[in-house]
file protein34.csv (CSV, C-alpha atoms)
chain,number,residue,atom,x,y,z
N,1,ASP,CA,238.7,47.1,-41.3
N,2,LEU,CA,235.4,46.9,-39.4
N,3,SER,CA,234.4,50.6,-39.9
N,4,GLN,CA,231.3,50.0,-42.0
N,5,LYS,CA,229.9,47.3,-39.6
N,6,THR,CA,230.6,49.3,-36.4
N,7,ALA,CA,229.4,52.8,-37.5
N,8,THR,CA,227.2,53.0,-34.4
N,9,ALA,CA,228.8,53.2,-30.9
N,10,GLY,CA,228.1,50.1,-28.9
N,11,ARG,CA,229.2,46.6,-27.9
N,12,TYR,CA,229.9,44.1,-30.7
N,13,ARG,CA,230.7,40.4,-30.8
N,14,LEU,CA,233.1,39.1,-33.4
N,15,ARG,CA,233.3,35.3,-34.0
N,16,LEU,CA,235.3,33.3,-36.4
N,17,VAL,CA,233.9,30.1,-37.9
N,18,SER,CA,236.2,27.8,-39.9
N,19,ASP,CA,235.1,26.5,-43.3
N,20,ASN,CA,236.0,22.9,-42.3
N,21,GLY,CA,234.6,22.9,-38.8
N,22,ASP,CA,238.0,22.8,-37.0
N,23,PRO,CA,238.2,24.8,-33.7
N,24,VAL,CA,239.4,28.4,-34.1
N,25,GLU,CA,241.3,30.5,-31.6
N,26,VAL,CA,241.6,34.3,-31.8
N,27,ARG,CA,244.5,35.9,-29.8
N,28,ASP,CA,246.8,38.9,-29.7
N,29,LEU,CA,244.1,41.5,-30.4
N,30,ASP,CA,245.2,44.9,-31.7
N,31,LEU,CA,242.1,47.1,-31.9
N,32,ARG,CA,242.4,50.6,-33.2
N,33,ILE,CA,239.7,53.3,-33.2
N,34,ALA,CA,240.3,56.5,-35.2
N,35,GLU,CA,243.9,55.3,-35.7
N,36,GLN,CA,244.5,55.2,-31.9
N,37,PRO,CA,245.4,52.0,-30.0
N,38,ALA,CA,242.3,50.7,-28.2
N,39,SER,CA,243.1,47.1,-27.3
N,40,GLN,CA,241.8,47.6,-23.8
N,41,LEU,CA,238.3,47.7,-25.5
N,42,ALA,CA,238.7,44.2,-26.9
N,43,HIS,CA,238.0,41.2,-24.7
N,44,ASP,CA,237.8,37.5,-25.0
N,45,ALA,CA,234.2,36.2,-24.9
N,46,PRO,CA,233.8,34.1,-21.7
N,47,GLY,CA,234.3,30.4,-22.4
N,48,ARG,CA,235.0,31.0,-26.1
N,49,ARG,CA,238.3,30.9,-28.0
N,50,ASP,CA,236.7,31.8,-31.3
N,51,ALA,CA,234.9,35.0,-30.2
N,52,VAL,CA,235.8,38.5,-28.8
N,53,PHE,CA,233.8,41.4,-27.6
N,54,LEU,CA,234.5,44.9,-28.9
N,55,SER,CA,233.4,48.1,-27.2
N,56,ILE,CA,233.2,50.9,-29.7
N,57,PRO,CA,232.7,54.2,-27.8
N,58,ILE,CA,232.3,56.6,-30.7
N,59,SER,CA,230.2,56.5,-33.9
N,60,ASN,CA,231.5,56.8,-37.5
N,61,SER,CA,235.1,56.2,-36.7
N,62,ARG,CA,237.6,54.0,-38.5
N,63,VAL,CA,237.8,50.7,-36.6
N,64,THR,CA,240.4,48.1,-37.4
N,65,LEU,CA,241.3,44.9,-35.7
N,66,LYS,CA,244.4,42.7,-36.2
N,67,ALA,CA,244.7,39.4,-34.5
N,68,THR,CA,246.4,36.0,-34.6
N,69,VAL,CA,244.1,33.3,-35.7
N,70,ARG,CA,244.9,29.7,-35.0
N,71,GLY,CA,243.2,26.5,-36.1
N,72,ALA,CA,241.8,27.1,-39.6
N,73,PRO,CA,243.3,28.5,-42.8
N,74,ARG,CA,239.9,29.8,-44.1
N,75,GLY,CA,236.6,30.8,-42.5
N,76,THR,CA,233.9,33.3,-42.0
N,77,ILE,CA,233.8,36.4,-39.7
N,78,LEU,CA,230.6,37.0,-38.0
N,79,LEU,CA,230.1,40.4,-36.4
N,80,GLN,CA,226.9,41.5,-34.7
N,81,ARG,CA,225.9,44.2,-32.2
N,82,TRP,CA,225.6,42.6,-28.8

call {"tool": "encode", "arguments": {"input": "protein34.csv", "output": "structure tokens"}}
result
Amino acid sequence: DLSQKTATAGRYRLRLVSDNGDPVEVRDLDLRIAEQPASQLAHDAPGRRDAVFLSIPISNSRVTLKATVRGAPRGTILLQRW
């Protein structure tokens, strides 16, 4: 659930960093905004396997993201407005 961090409409970059430094890959994105499918608004970051761009068109909506993560059992999610 990314709702608290994406309360303002805009473009965001989400990146995963493994705890042990191993490469991470994010795939099979399932973005939902206000409970509606919105995967067309989630895109791979050019040249990166560990990052995606999210376009959030409306403010104060419930935003959830499910994805397949490969390469690291544990890590940190970094999310910033881009």

call {"tool": "closest_residue", "arguments": {"input": "protein34.csv", "among": "N:Val63, N:Ile77, N:Ala34, N:Ala72", "to": "Leu2 in chain N", "atoms": "all atoms listed in the file"}}
result
N:Val63

call {"tool": "residues_around", "arguments": {"input": "protein34.csv", "residues": "Ser3 in chain N", "least_positions_apart": "4", "cutoff": "7 Å", "atoms": "only C-alpha atoms", "output": "list of chain:residue names"}}
result
N:Ala7, N:Ser61, N:Arg62, N:Val63, N:Thr64

call {"tool": "closest_residue", "arguments": {"input": "protein34.csv", "among": "N:Ser39, N:Gln4, N:Arg11, N:Asp30", "to": "Ile56 in chain N", "atoms": "all atoms listed in the file"}}
result
N:Arg11

call {"tool": "residues_around", "arguments": {"input": "protein34.csv", "residues": "range 67-71 of chain N", "least_positions_apart": "4", "cutoff": "7 Å", "atoms": "all atoms listed in the file", "output": "list in words"}}
result
Asp22, Pro23, Val24, Glu25, Val26, Arg27, Asp28, Leu29 and Asp30 of chain N

call {"tool": "residues_around", "arguments": {"input": "protein34.csv", "residues": "Asp44 in chain N", "least_positions_apart": "2", "cutoff": "10 Å", "atoms": "only C-alpha atoms", "output": "ChimeraX atom specification"}}
result
/N:13-14,26-27,29,42,46-54

call {"tool": "closest_residue", "arguments": {"input": "protein34.csv", "among": "N:Asp1, N:Tyr12, N:Gln36, N:Ser55", "to": "Arg81 in chain N", "atoms": "only C-alpha atoms"}}
result
N:Tyr12

call {"tool": "closest_residue", "arguments": {"input": "protein34.csv", "among": "N:His43, N:Arg74, N:Lys5, N:Ala38", "to": "Asp19 in chain N", "atoms": "only C-alpha atoms"}}
result
N:Arg74

call {"tool": "atom_distance", "arguments": {"input": "protein34.csv", "atom1": "CA of Ser59 in chain N", "atom2": "CA of Leu41 in chain N"}}
result
14.6 Å

call {"tool": "atom_distance", "arguments": {"input": "protein34.csv", "atom1": "CA of Leu65 in chain N", "atom2": "CA of Trp82 in chain N"}}
result
17.3 Å

call {"tool": "atom_distance", "arguments": {"input": "protein34.csv", "atom1": "CA of Ser18 in chain N", "atom2": "CA of Leu78 in chain N"}}
result
10.9 Å
